[in-house]
Each structure stands twice: as C-alpha cells, then as structure tokens.
>>> print(open('start.cif').read())   # mmCIF, C-alpha atoms
data_structure
loop_
_atom_site.label_atom_id
_atom_site.label_comp_id
_atom_site.auth_asym_id
_atom_site.auth_seq_id
_atom_site.Cartn_x
_atom_site.Cartn_y
_atom_site.Cartn_z
CA MET A 193 19.33 0.99 125.13
CA ASN A 194 21.89 3.43 126.43
CA MET A 195 24.80 5.22 124.70
CA ILE A 196 27.35 2.63 125.91
CA SER A 197 25.47 -0.16 124.22
CA GLN A 198 25.36 1.83 120.85
CA PHE A 199 29.11 2.33 120.79
CA SER A 200 29.65 -1.30 121.62
CA ALA A 201 27.53 -2.36 118.65
CA SER A 202 29.47 -0.08 116.26
CA ASP A 203 32.79 -1.44 117.41
CA ALA A 204 31.53 -4.92 116.80
CA GLU A 205 30.54 -4.04 113.23
CA HIS A 206 33.96 -2.49 112.53
CA LYS A 207 35.70 -5.58 113.85
CA GLU A 208 33.54 -7.81 111.67
CA LEU A 209 34.28 -5.66 108.59
CA GLY A 210 38.01 -5.75 109.35
CA SER A 211 37.97 -9.53 109.66
CA ARG A 212 36.20 -9.84 106.29
CA ILE A 213 38.80 -7.64 104.58
CA ALA A 214 41.60 -9.56 106.22
CA ALA A 215 40.10 -12.81 104.92
CA ARG A 216 40.28 -11.57 101.26
CA PRO A 217 43.29 -12.33 99.02
CA ALA A 218 46.27 -9.99 99.09
CA TRP A 219 45.67 -8.50 95.57
CA GLN A 220 42.07 -7.54 96.48
CA ARG A 221 43.25 -5.88 99.68
CA ALA A 222 45.88 -3.91 97.65
CA ALA A 223 43.30 -2.77 95.10
CA LEU A 224 40.87 -1.75 97.83
CA TYR A 225 43.40 0.39 99.67
CA GLY A 226 45.35 1.65 96.53
CA SER A 227 42.46 2.90 94.35
CA PRO A 228 41.68 6.02 96.41
CA LEU A 229 45.37 6.85 96.53
CA LEU A 230 45.69 6.54 92.73
CA LEU A 231 42.64 8.78 92.17
CA LEU A 232 44.05 11.39 94.55
CA ALA A 233 47.44 11.32 92.83
CA ALA A 234 45.85 11.72 89.37
CA ALA A 235 43.81 14.73 90.54
CA VAL A 236 46.86 16.42 92.02
CA THR A 237 48.85 15.80 88.85
CA TYR A 238 46.06 17.25 86.66
CA TRP A 239 45.71 20.44 88.66
CA THR A 240 49.42 21.05 89.10
CA SER A 241 50.58 20.23 85.54
CA ASP A 242 51.11 23.04 82.91
CA PRO A 243 48.84 23.12 79.79
CA SER A 244 50.34 21.78 76.59
CA PRO A 245 51.65 24.51 74.22
CA ALA A 246 49.41 25.41 71.18
CA ALA A 247 50.60 24.51 67.71
CA ALA A 248 52.24 27.42 65.81
CA PRO A 249 50.00 28.79 62.95
CA SER A 250 51.17 28.14 59.39
CA ALA A 251 52.11 31.00 57.04
CA PRO A 252 49.21 32.17 54.81
CA MET A 253 49.19 31.44 51.10
CA VAL A 254 49.29 34.50 48.77
CA THR A 255 49.58 34.99 45.02
CA VAL A 256 52.38 37.21 43.75
CA ALA A 257 53.30 38.54 40.32
CA ALA A 258 55.80 40.90 38.75
CA PRO A 259 54.32 44.22 37.52
CA LEU A 260 53.29 44.28 33.86
CA GLU A 261 55.54 46.67 31.93
CA ARG A 262 53.78 48.30 28.96
CA GLU A 263 53.64 51.53 26.94
CA ILE A 264 50.41 53.48 27.53
CA ASN A 265 48.58 56.43 26.00
CA GLN A 266 47.38 58.88 28.63
CA TRP A 267 44.12 60.77 28.44
CA ASP A 268 42.74 63.82 30.22
CA ASP A 269 39.17 63.57 31.55
CA TYR A 270 36.53 66.27 31.15
CA VAL A 271 32.78 66.58 31.54
CA GLY A 272 30.54 68.70 29.35
CA ARG A 273 27.35 68.93 27.35
CA PHE A 274 26.36 68.76 23.74
CA GLU A 275 25.22 71.88 21.93
CA ALA A 276 23.68 72.43 18.53
CA SER A 277 26.21 73.49 15.92
CA ARG A 278 23.61 76.02 14.74
CA SER A 279 20.35 77.10 16.31
CA VAL A 280 17.68 79.33 14.72
CA GLU A 281 14.54 80.90 16.15
CA VAL A 282 11.98 80.94 13.35
CA ARG A 283 10.02 84.21 13.30
CA PRO A 284 7.76 85.63 10.55
CA ARG A 285 9.07 88.38 8.27
CA VAL A 286 5.55 89.75 7.68
CA SER A 287 2.47 90.20 9.81
CA GLY A 288 -0.69 88.28 9.16
CA GLN A 289 -2.83 85.28 9.96
CA ILE A 290 -1.38 81.76 10.10
CA ILE A 291 -3.42 79.55 7.77
CA GLY A 292 -1.23 76.45 7.59
CA VAL A 293 1.39 74.42 9.48
CA HIS A 294 3.33 72.00 7.26
CA PHE A 295 5.53 69.97 9.60
CA THR A 296 5.26 67.47 12.46
CA ASP A 297 6.58 68.54 15.83
CA GLY A 298 10.10 67.25 16.41
CA GLN A 299 10.79 66.01 12.90
CA ILE A 300 13.97 66.49 10.88
CA VAL A 301 13.52 69.27 8.34
CA GLN A 302 15.65 70.31 5.41
CA LYS A 303 16.75 73.80 4.47
CA GLY A 304 14.05 75.51 2.38
CA GLN A 305 11.26 73.20 3.55
CA LEU A 306 7.87 74.94 3.96
CA LEU A 307 6.93 75.27 7.63
CA PHE A 308 4.13 77.87 7.96
CA THR A 309 1.83 79.70 5.59
CA ILE A 310 0.63 83.22 6.38
CA ASP A 311 -2.45 84.38 4.46
CA PRO A 312 -0.86 85.67 1.23
CA ARG A 313 -3.91 87.47 -0.22
CA PRO A 314 -3.16 90.93 1.24
CA PHE A 315 0.39 90.70 -0.06
CA GLY A 316 -0.80 89.53 -3.47
CA ALA A 317 -3.11 92.52 -3.72
CA ALA A 318 -0.31 94.89 -2.72
CA LEU A 319 1.92 93.30 -5.36
CA ALA A 320 -0.73 93.83 -8.05
CA GLU A 321 -1.06 97.47 -7.00
CA ALA A 322 2.72 97.90 -7.21
CA LYS A 323 2.77 96.40 -10.67
CA ALA A 324 0.03 98.85 -11.76
CA SER A 325 2.16 101.69 -10.44
CA VAL A 326 5.00 100.46 -12.62
CA ALA A 327 2.76 100.58 -15.69
CA SER A 328 1.65 104.12 -14.82
CA ALA A 329 5.25 105.24 -14.28
CA GLN A 330 6.27 103.73 -17.61
CA SER A 331 3.48 105.68 -19.33
CA ASP A 332 4.54 108.93 -17.69
CA LEU A 333 8.14 108.31 -18.71
CA SER A 334 7.13 107.66 -22.32
CA LEU A 335 5.14 110.92 -22.47
CA ALA A 336 7.99 112.88 -20.92
CA GLU A 337 10.47 111.48 -23.46
CA ILE A 338 8.13 112.36 -26.38
CA ASN A 339 7.72 115.94 -25.15
CA LEU A 340 11.48 116.30 -24.71
CA GLY A 341 12.13 115.05 -28.24
CA ARG A 342 9.60 117.47 -29.73
CA ALA A 343 11.07 120.38 -27.79
CA ARG A 344 14.61 119.62 -29.02
CA ARG A 345 13.40 119.70 -32.65
CA LEU A 346 11.63 123.01 -32.08
CA LEU A 347 14.74 124.36 -30.39
CA GLU A 348 16.63 123.98 -33.67
CA ALA A 349 13.99 126.13 -35.34
CA GLU A 350 14.17 128.54 -32.43
CA ALA A 351 10.45 127.92 -31.74
CA VAL A 352 11.07 127.18 -28.02
CA SER A 353 13.52 128.48 -25.50
CA GLN A 354 16.33 126.53 -23.90
CA SER A 355 14.61 126.76 -20.53
CA ASP A 356 11.64 124.83 -21.90
CA VAL A 357 13.97 122.08 -23.06
CA ASP A 358 15.67 121.96 -19.66
CA ARG A 359 12.29 121.69 -17.90
CA LEU A 360 11.21 118.81 -20.12
CA THR A 361 14.55 117.07 -19.54
CA ALA A 362 13.92 117.27 -15.80
CA ASN A 363 10.47 115.81 -16.32
CA VAL A 364 12.01 112.81 -18.08
CA ARG A 365 14.46 112.23 -15.23
CA SER A 366 11.65 112.51 -12.69
CA ALA A 367 9.58 109.99 -14.64
CA GLU A 368 12.55 107.62 -14.74
CA ALA A 369 12.95 107.91 -10.96
CA ALA A 370 9.24 107.29 -10.43
CA LEU A 371 9.48 104.17 -12.60
CA ALA A 372 12.46 102.88 -10.59
CA ALA A 373 10.57 103.48 -7.33
CA ALA A 374 7.54 101.66 -8.69
CA ARG A 375 9.68 98.70 -9.69
CA ALA A 376 11.28 98.66 -6.21
CA ARG A 377 7.81 98.55 -4.67
CA VAL A 378 7.04 95.57 -6.88
CA SER A 379 10.16 93.80 -5.59
CA SER A 380 9.22 94.62 -1.98
CA ARG A 381 5.64 93.39 -2.43
CA ALA A 382 6.97 90.26 -4.12
CA LEU A 383 9.18 89.64 -1.08
CA ASP A 384 6.14 90.04 1.18
CA VAL A 385 4.37 87.39 -0.85
CA GLU A 386 7.43 85.13 -0.56
CA PHE A 387 7.73 85.79 3.17
CA ALA A 388 4.12 84.69 3.60
CA TYR A 389 5.50 81.16 3.12
CA VAL A 390 7.84 80.58 6.09
CA ARG A 391 10.59 78.11 5.18
CA ALA A 392 13.33 76.39 7.19
CA PRO A 393 16.50 78.51 7.14
CA ILE A 394 18.71 75.50 8.08
CA SER A 395 18.50 71.72 8.18
CA GLY A 396 18.02 70.06 11.54
CA ARG A 397 15.52 68.92 14.13
CA ILE A 398 12.58 71.24 14.57
CA SER A 399 10.85 71.91 17.87
CA ASP A 400 7.09 72.01 18.35
CA ARG A 401 4.96 74.76 16.83
CA ARG A 402 4.34 77.72 19.12
CA ILE A 403 1.47 79.11 17.03
CA ASP A 404 -1.56 77.27 15.68
CA PRO A 405 -3.42 78.19 12.50
CA GLY A 406 -5.84 81.08 12.94
CA ASN A 407 -3.57 83.20 15.10
CA ILE A 408 -2.26 86.60 14.05
CA VAL A 409 1.53 86.96 14.12
CA GLY A 410 3.68 90.07 14.11
CA ALA A 411 6.58 90.61 11.75
CA ASN A 412 9.96 89.80 13.38
CA GLU A 413 8.30 89.43 16.81
CA THR A 414 6.27 86.24 17.19
CA LEU A 415 8.31 83.07 17.82
CA LEU A 416 6.96 80.30 15.60
CA THR A 417 9.42 77.48 16.46
CA THR A 418 13.14 76.69 16.74
CA ILE A 419 15.50 74.51 14.68
CA ASN A 420 18.75 72.94 15.90
CA ALA A 421 21.38 71.66 13.50
CA LEU A 422 22.56 68.29 14.85
CA ASP A 423 25.06 67.02 12.29
CA PRO A 424 27.72 67.83 13.24
CA ILE A 425 27.08 68.63 16.88
CA TYR A 426 29.29 70.46 19.37
CA PHE A 427 30.54 69.18 22.71
CA THR A 428 31.56 72.05 24.99
CA PHE A 429 33.58 71.65 28.18
CA ASP A 430 35.68 73.69 30.60
CA VAL A 431 39.43 73.12 30.84
CA PRO A 432 41.30 73.89 34.10
CA GLU A 433 44.22 76.26 33.64
CA SER A 434 46.75 73.57 34.60
CA LEU A 435 45.56 71.18 31.90
CA TYR A 436 45.29 74.03 29.41
CA LEU A 437 48.95 74.89 29.99
CA LYS A 438 49.97 71.25 29.61
CA THR A 439 48.04 70.87 26.37
CA ALA A 440 49.35 74.16 24.98
CA ARG A 441 52.96 73.13 25.65
CA GLN A 442 52.39 69.74 24.06
CA ARG A 443 51.01 71.43 20.96
CA GLN A 444 54.14 73.53 20.73
CA ALA A 445 56.31 70.43 21.04
CA LYS A 446 54.26 68.28 18.69
CA ASP A 447 51.63 69.39 16.20
CA GLY A 448 48.23 67.76 16.61
CA ALA A 449 48.73 66.65 20.21
CA GLY A 450 45.55 66.60 22.22
CA GLU A 451 43.25 66.86 19.19
CA THR A 452 41.48 63.49 19.39
CA ALA A 453 38.41 63.48 21.64
CA GLU A 454 36.41 60.42 22.71
CA ILE A 455 33.06 60.78 24.44
CA ARG A 456 30.72 58.43 26.28
CA LEU A 457 27.17 59.02 27.40
CA GLN A 458 25.73 58.39 30.86
CA ASP A 459 24.50 54.88 30.01
CA GLU A 460 27.65 53.82 28.16
CA ALA A 461 30.69 52.05 29.56
CA GLN A 462 32.85 52.60 26.47
CA TYR A 463 33.82 55.77 24.62
CA SER A 464 31.86 55.22 21.42
CA TRP A 465 31.74 58.79 20.03
CA ARG A 466 34.69 60.41 18.30
CA GLY A 467 35.34 64.09 17.79
CA LYS A 468 38.03 66.66 17.12
CA LEU A 469 38.91 69.73 19.15
CA ASP A 470 38.24 72.77 16.95
CA PHE A 471 37.84 75.76 19.27
CA THR A 472 39.35 77.18 22.45
CA ASP A 473 38.09 80.44 23.88
CA ASN A 474 40.24 83.56 23.88
CA GLY A 475 40.53 83.96 27.64
CA ILE A 476 40.50 82.15 31.00
CA SER A 477 37.62 82.97 33.34
CA GLN A 478 38.80 84.84 36.42
CA ASN A 479 35.92 83.39 38.45
CA SER A 480 36.43 79.70 37.74
CA GLY A 481 40.01 79.55 36.47
CA THR A 482 38.90 77.57 33.42
CA ILE A 483 38.75 78.16 29.71
CA ARG A 484 35.92 77.05 27.45
CA ALA A 485 36.71 74.61 24.67
CA ARG A 486 34.73 72.74 22.05
CA ALA A 487 34.92 69.53 20.06
CA VAL A 488 33.05 68.74 16.84
CA VAL A 489 31.36 65.34 16.78
CA ALA A 490 29.78 63.68 13.76
CA ASN A 491 26.13 62.82 14.37
CA PRO A 492 24.75 61.37 11.11
CA THR A 493 21.83 59.60 12.81
CA ASN A 494 20.89 62.68 14.87
CA PHE A 495 21.00 60.52 18.00
CA LEU A 496 22.88 63.10 20.05
CA ALA A 497 20.75 65.98 21.28
CA PRO A 498 21.67 69.43 22.63
CA GLY A 499 21.90 69.54 26.41
CA MET A 500 22.93 65.89 26.67
CA PHE A 501 25.61 65.23 29.32
CA GLY A 502 28.79 63.35 28.48
CA ASN A 503 32.24 62.33 29.75
CA MET A 504 35.09 63.12 27.39
CA ARG A 505 38.70 62.08 27.33
CA LEU A 506 41.25 63.99 25.31
CA ALA A 507 44.49 62.37 24.20
CA ASP A 508 47.46 64.27 25.58
CA GLY A 509 49.74 62.95 22.83
CA GLY A 510 52.62 60.50 22.85
CA THR A 511 53.20 57.34 24.89
CA THR A 512 54.90 56.68 28.20
CA PRO A 513 56.22 53.48 29.89
CA ALA A 514 54.33 52.31 32.95
CA LEU A 515 54.24 49.45 35.46
CA LEU A 516 50.75 47.97 35.79
CA VAL A 517 49.29 46.02 38.72
CA PRO A 518 45.70 44.97 39.52
CA ASP A 519 43.77 47.82 41.04
CA ALA A 520 42.80 45.57 43.99
CA ALA A 521 46.50 45.20 44.88
CA VAL A 522 46.73 48.89 45.75
CA ARG A 523 45.77 49.60 49.36
CA THR A 524 45.21 52.83 51.24
CA ASP A 525 47.22 53.47 54.38
CA GLN A 526 45.86 56.68 55.87
CA ALA A 527 46.82 59.37 53.33
CA ARG A 528 49.12 57.28 51.14
CA LYS A 529 48.81 54.42 48.67
CA ILE A 530 50.82 51.23 49.23
CA VAL A 531 51.35 47.84 47.64
CA LEU A 532 52.53 44.74 49.49
CA VAL A 533 55.56 42.95 48.09
CA VAL A 534 57.22 39.69 49.12
CA GLY A 535 61.00 39.65 49.61
CA LYS A 536 63.46 36.88 48.88
CA ASP A 537 62.97 35.47 52.39
CA ASP A 538 59.16 35.41 51.87
CA THR A 539 58.68 38.35 54.24
CA VAL A 540 55.96 40.88 53.41
CA ALA A 541 56.92 44.55 53.06
CA ALA A 542 54.75 47.62 52.32
CA LYS A 543 55.96 50.04 49.64
CA PRO A 544 54.43 53.53 49.25
CA VAL A 545 53.59 54.20 45.60
CA GLU A 546 52.39 57.02 43.38
CA THR A 547 49.42 55.75 41.43
CA GLY A 548 48.47 56.72 37.90
CA PRO A 549 45.39 56.20 35.76
CA LEU A 550 43.41 53.01 35.25
CA VAL A 551 44.35 51.01 32.17
CA GLY A 552 41.54 48.53 31.66
CA ASN A 553 41.49 46.42 34.81
CA LEU A 554 44.99 47.49 35.88
CA ARG A 555 46.34 50.51 37.74
CA ALA A 556 49.43 52.33 36.48
CA ILE A 557 52.14 52.88 39.10
CA ARG A 558 54.23 55.97 38.43
CA SER A 559 56.84 55.34 41.15
CA GLY A 560 57.52 53.24 44.26
CA ILE A 561 58.07 49.73 42.87
CA ALA A 562 60.45 48.04 40.47
CA LYS A 563 59.64 45.68 37.64
CA THR A 564 61.39 42.84 39.55
CA ASP A 565 59.25 43.17 42.70
CA ARG A 566 56.91 40.36 43.65
CA VAL A 567 53.62 42.19 44.24
CA ILE A 568 50.83 40.46 46.16
CA VAL A 569 47.87 40.39 43.79
CA GLN A 570 45.65 37.91 45.66
CA GLY A 571 45.31 37.29 49.38
CA VAL A 572 46.26 40.83 50.30
CA GLN A 573 43.90 40.67 53.29
CA PHE A 574 45.90 37.79 54.78
CA ALA A 575 49.32 39.43 54.48
CA MET A 576 50.78 41.70 57.15
CA PRO A 577 53.98 43.72 56.77
CA GLY A 578 56.84 41.88 58.49
CA ALA A 579 55.08 38.50 58.49
CA LYS A 580 56.05 35.38 56.57
CA VAL A 581 53.90 34.09 53.70
CA LYS A 582 53.88 31.25 51.22
CA PRO A 583 54.01 32.92 47.77
CA ARG A 584 52.49 31.39 44.68
CA VAL A 585 53.74 32.98 41.45
CA THR A 586 51.40 33.99 38.63
CA GLN A 587 51.36 36.50 35.77
CA ILE A 588 49.35 39.72 35.45
CA LYS A 589 47.06 39.77 32.41
CA PHE A 590 45.48 42.79 30.79
CA ASP A 591 41.71 42.55 30.32
CA ALA A 592 40.41 45.29 28.02
CA ALA A 593 36.84 44.04 28.40
CA ALA A 594 36.95 44.79 32.10
CA ALA A 595 37.67 48.47 31.48
CA LYS A 596 34.97 50.74 32.81
CA ALA A 597 34.70 54.49 32.47
CA PRO A 598 35.34 56.32 35.74
CA PRO A 599 32.57 58.29 37.42
CA ALA A 600 32.36 62.04 36.97
CA SER A 601 33.92 62.59 40.41
CA VAL A 602 37.28 61.17 39.31
CA PRO A 603 39.75 64.05 38.81
CA SER A 604 41.25 64.97 35.46
CA ALA A 605 44.12 63.05 33.89
CA SER A 606 42.88 59.78 35.38
CA GLN A 607 42.77 57.48 32.36
CA ALA A 608 45.11 55.73 30.00
CA THR A 609 44.99 53.09 27.29
CA LEU A 610 47.62 50.69 26.03
CA ALA A 611 49.65 52.09 23.17
CA ALA A 612 49.45 50.35 19.82
CA ASN A 613 52.36 48.00 19.19
#
>>> encode(input="start.cif", output="structure tokens")
Amino acid sequence: MNMISQFSASDAEHKELGSRIAARPAWQRAALYGSPLLLLAAAVTYWTSDPSPAAAPSAPMVTVAAPLEREINQWDDYVGRFEASRSVEVRPRVSGQIIGVHFTDGQIVQKGQLLFTIDPRPFGAALAEAKASVASAQSDLSLAEINLGRARRLLEAEAVSQSDVDRLTANVRSAEAALAAARARVSSRALDVEFAYVRAPISGRISDRRIDPGNIVGANETLLTTINALDPIYFTFDVPESLYLKTARQRQAKDGAGETAEIRLQDEAQYSWRGKLDFTDNGISQNSGTIRARAVVANPTNFLAPGMFGNMRLADGGTTPALLVPDAAVRTDQARKIVLVVGKDDTVAAKPVETGPLVGNLRAIRSGIAKTDRVIVQGVQFAMPGAKVKPRVTQIKFDAAAAKAPPASVPSASQATLAAN
C-alpha cells in the first residue's frame, strides 16, 4: 500500500464521521460543538477575573474600668538583720578546774542560773585561812587596847612617859588596820568561792559549752559560752540619706511619724512582726551615704534569732489619695510606663503614667490618668493605640489576700496599704 492509498482511507473515515454527525439531531450537534467553547470561555474568565476582597476584621473585645480612687498609707522599704538586744561572753572570774556543766546546749537560761562549777576546794581553804587571820588580828587588837588602857592609868600616876602612851596608841591603830585587812581578805576569798559557781549574768538563749569538765580555765581569759537576750530583739537596718531626710522632716511636722515598723521573714508573704523605731545613729556614713537605725521587736516565744534576715516597712505617716489600677494594666514602653485607655469613640490611646507602690493587687498611679478614664484592664495584648475596640465595662476590686511582699531588689518607698476608713 502506498502513501496515496493511506490518505484516501483517512479522507473516507472523515467523511463517514461527518455524515454521522450530520445525521444526529440539532441539539446534539450544538452540544457537541458548544461544550469546548464553553470550557474555554470559563477558563479565560477564571484567569482574568480579580480575586474577591477579604472580609474586614472585627474590632477586638476588651474590658475597661475607671481607676479606683482610695486613700492609702505609704510605707518605706528596708532590709536588715536581727540582733540580740544584749549579748554576753561568759568567762570565769577565777582560775581552776571545771568539774560540772549544768545546762543543755542551746537552751533558754534565766539570770542567776548555775552554768559551770569550778573546783571550789582551793578557794574554800583560802577562805578558812583568811578567817583565821581575822581571829589573829582581833586578838592582837585586844592586847593592844589592854596595854594602852594600862599605860593611860599609869600615866596619871606618872609611872610611864607620854611617849610610851603614844607608842601603845599607834599599836592599837596598827592592830585595827590589820584586822580590817584580814576581814577584806575574807571577803575576797568568799568572792572566789562564789565565783567558783559560774552563773548566767542575763536571761536568754545560751550557746554550746566551749569547755568540758576536767579542763583548766584561766580567770577572765577562757571563753566558756555565750548568751543572747532575745526578748525583746533588735532589728538593725541602714537608711539612705534621702529617706532619712524625709523621715526627719515628717517627724518635725508630726510627732510619731515613721515610728511603726512591720517586718516579714524570708518565708513569709505577710508582715507578721511588729516593732518600734527606738534608735538612729549619730552620723551618716561617708562611704555608703546611709545611717544606721534600729527597731525593737517583741519576741516572747524566742522564735526570732540574731543574724536572721528580714524585710521591713516603716510607715511614713499620714495618708494620701491615689488612683489604683490592676498591676497587669501597666505596660512598659521602652523607658516609660503607660496605660491604655479607650476614648468616647472607642479608640485606644496610650497615656504615660508615673507609677507608685503596690497596694494589694493594685498599682498606685501618681500622675498621668484621670479618675474618669476608661482604662483597659483585660485584653491589653489585643489593643493597639489608634485602633478601634469593643469595650466591656467592669469595676476594679481591691483584693487584700492577693498582696505579696516585694522582693529585696525592689527600691525603697515601694509599698502602700489602704488607709482605715
């Protein structure tokens, strides 16, 4: 078969196909020829048409509230340590051998309680010897007085000279002096016997014994133990010069300002210890720019111990009005503090503020907002300055139970409490 015959066959097939299509009804011929055109038109329309615009996002929902206006008491913050109100190093007054220890290490002792016993026998023997010396001196004095009396009678009869009488008078005075010295030695030896029994000079908590029985101790040298008086106990702290000046001026304006001290320990959230400022040093340190002060704290259970760390707040006296907002509503914008407020047209605006101390769960605002502002207290993360929001109004509530003491790194004058109504 040649090429001419192949083309002839193809033409025949096309003619047969055309006759079949022509034999079909008109609607089938229209569908057959129109479908490709419809598909092509749809594709062109899809690729050339613009995308439908996205739906505009709705304004976020936020919770707003007016600042809480209250009177507050402000406090100044300090850190310090407890110290014993009195501390004594117990040392022996006489030398000798320790033969008894009469306390338990770390117990509470009372003034005059027996602590140590030094072998008293040498001191007892010395006391007996001193008493014998007194008896001998008394005998010598009696003899000297008898001789003087006899000489004065003989002087009247001119049997002795005046010089003999004067000599006997001197003998009497010498015997009297010897008797006084002997009695003084008795008192001294009696003290040695008393000092052989070492007693507590003050009441307080005693440390452990430094010397066990059998050891020889030296008078006024060997350290036996120490005693710290714990009730009351001192709390000492350093006051910056700026706060010292403020407190001093407040005292001039109002007696008793800044006297009440409240202290909390490291494991306490509340200030459960009360004290009173009773001492301020007589000069400001040139090295640190601070002055040392002290508060007296009652410690009837002896729970507080010297060296214990504590945070103290000192009332600066008087009350002051303040606007309070939740602490979470205050945001930091670089180096300034801001709060977000919602205007009358529901537009968010940022207001720079000067913050004050924490009052429970709220933060005092010294300046920057008004009591009529609608402050965003919830949903702050969804609000942007200049954007629209849907505000939902609520009220700020004070929660005293949520108050937590600030860490030691918080600067001074960082606390306040609500004033009593």
>>> atom_distance(input="start.cif", atom1="CA of Gly467 (chain A)", atom2="CA of Asp591 (chain A)")
25.7 Å
>>> residues_around(input="start.cif", residues="Lys536 (chain A)", least_positions_apart="2", cutoff="12 Å", atoms="all atoms listed in the file", output="compact mmCIF listing (two decimals) with C-alpha atoms, in the coordinates of the input")
# COMPACT_ATOMS: atom_id res chain seq x y z
CA VAL A 533 55.56 42.95 48.09
CA VAL A 534 57.22 39.69 49.12
CA ASP A 538 59.16 35.41 51.87
CA THR A 539 58.68 38.35 54.24
CA VAL A 540 55.96 40.88 53.41
CA ALA A 541 56.92 44.55 53.06
CA THR A 564 61.39 42.84 39.55
CA ASP A 565 59.25 43.17 42.70
CA ARG A 566 56.91 40.36 43.65
CA LYS A 580 56.05 35.38 56.57
CA VAL A 581 53.90 34.09 53.70
CA LYS A 582 53.88 31.25 51.22
CA PRO A 583 54.01 32.92 47.77
>>> atom_distance(input="start.cif", atom1="CA of Leu383 (chain A)", atom2="CA of Asp404 (chain A)")
23.4 Å
>>> resolve_selection(input="start.cif", expression="the PyMOL selection byres ((chain A and resi 453) around 10)", output="list in words")
Trp267, Asp268, Asp269, Phe427, Gly450, Glu451, Thr452, Glu454, Ile455, Tyr463, Trp465, Arg466, Gly467, Lys468, Leu469, Arg486, Ala487, Val488, Val489, Met504, Arg505, Leu506, Ala507 and Asp508 of chain A
>>> write_last_selection(input="start.cif", atoms="C-alpha atoms", output="PDB file, in the frame of the given file")
ATOM      1  CA  TRP A 267      44.120  60.770  28.440  1.00  0.00           C
ATOM      2  CA  ASP A 268      42.740  63.820  30.220  1.00  0.00           C
ATOM      3  CA  ASP A 269      39.170  63.570  31.550  1.00  0.00           C
ATOM      4  CA  PHE A 427      30.540  69.180  22.710  1.00  0.00           C
ATOM      5  CA  GLY A 450      45.550  66.600  22.220  1.00  0.00           C
ATOM      6  CA  GLU A 451      43.250  66.860  19.190  1.00  0.00           C
ATOM      7  CA  THR A 452      41.480  63.490  19.390  1.00  0.00           C
ATOM      8  CA  GLU A 454      36.410  60.420  22.710  1.00  0.00           C
ATOM      9  CA  ILE A 455      33.060  60.780  24.440  1.00  0.00           C
ATOM     10  CA  TYR A 463      33.820  55.770  24.620  1.00  0.00           C
ATOM     11  CA  TRP A 465      31.740  58.790  20.030  1.00  0.00           C
ATOM     12  CA  ARG A 466      34.690  60.410  18.300  1.00  0.00           C
ATOM     13  CA  GLY A 467      35.340  64.090  17.790  1.00  0.00           C
ATOM     14  CA  LYS A 468      38.030  66.660  17.120  1.00  0.00           C
ATOM     15  CA  LEU A 469      38.910  69.730  19.150  1.00  0.00           C
ATOM     16  CA  ARG A 486      34.730  72.740  22.050  1.00  0.00           C
ATOM     17  CA  ALA A 487      34.920  69.530  20.060  1.00  0.00           C
ATOM     18  CA  VAL A 488      33.050  68.740  16.840  1.00  0.00           C
ATOM     19  CA  VAL A 489      31.360  65.340  16.780  1.00  0.00           C
ATOM     20  CA  MET A 504      35.090  63.120  27.390  1.00  0.00           C
ATOM     21  CA  ARG A 505      38.700  62.080  27.330  1.00  0.00           C
ATOM     22  CA  LEU A 506      41.250  63.990  25.310  1.00  0.00           C
ATOM     23  CA  ALA A 507      44.490  62.370  24.200  1.00  0.00           C
ATOM     24  CA  ASP A 508      47.460  64.270  25.580  1.00  0.00           C
TER      25      ASP A 508
END
>>> atom_distance(input="start.cif", atom1="CA of Phe495 (chain A)", atom2="CA of Phe274 (chain A)")
11.4 Å
>>> closest_residue(input="start.cif", among="A:Ser434, A:Ser277, A:Thr361, A:Ser464", to="Asn503 (chain A)", atoms="all atoms listed in the file")
A:Ser464
>>> resolve_selection(input="start.cif", expression="the PyMOL selection byres ((chain A and resi 259) around 12)", output="PyMOL selection string")
chain A and resi 256-258+260-262+514-519+521+531+533+554-569+585-590
>>> residues_around(input="start.cif", residues="region 491-493 of chain A", least_positions_apart="2", cutoff="7 Å", atoms="only C-alpha atoms", output="list in words")
Leu422, Asp423, Pro424, Ile425, Val489, Phe495 and Leu496 of chain A
>>> closest_residue(input="start.cif", among="A:Gly481, A:Gly535, A:Pro498, A:Gly304", to="Val431 (chain A)", atoms="only C-alpha atoms")
A:Gly481
>>> resolve_selection(input="start.cif", expression="the PyMOL selection byres ((chain A and resi 543) around 6)", output="ChimeraX atom specification")
/A:530-531,542,544
>>> residues_around(input="start.cif", residues="Pro284 (chain A)", least_positions_apart="6", cutoff="10 Å", atoms="only C-alpha atoms", output="list in words")
Ile290, Phe308, Thr309, Ile310, Phe387, Ala388, Tyr389, Val390, Arg391, Val409, Gly410, Ala411, Asn412, Glu413, Thr414, Leu415 and Leu416 of chain A
>>> closest_residue(input="start.cif", among="A:Ser477, A:Val282, A:Met500, A:Lys323", to="Arg456 (chain A)", atoms="only C-alpha atoms")
A:Met500
>>> closest_residue(input="start.cif", among="A:Gln354, A:Gln289, A:Ser366, A:Thr524", to="Ala329 (chain A)", atoms="only C-alpha atoms")
A:Ser366
>>> closest_residue(input="start.cif", among="A:Asn553, A:Ser355, A:Ser395, A:Asn420", to="Val301 (chain A)", atoms="only C-alpha atoms")
A:Ser395
>>> closest_residue(input="start.cif", among="A:Ser379, A:Ser250, A:Thr472, A:Gln302", to="Ala421 (chain A)", atoms="all atoms listed in the file")
A:Gln302
>>> residues_near_point(input="start.cif", point="(-0.7, 87.6, 1.0)", cutoff="9 Å", atoms="all atoms listed in the file", output="list of chain:residue names")
A:Gly288, A:Ile310, A:Asp311, A:Pro312, A:Arg313, A:Pro314, A:Phe315, A:Gly316, A:Ala317, A:Ala318, A:Leu319, A:Asp384, A:Val385, A:Glu386, A:Phe387, A:Ala388
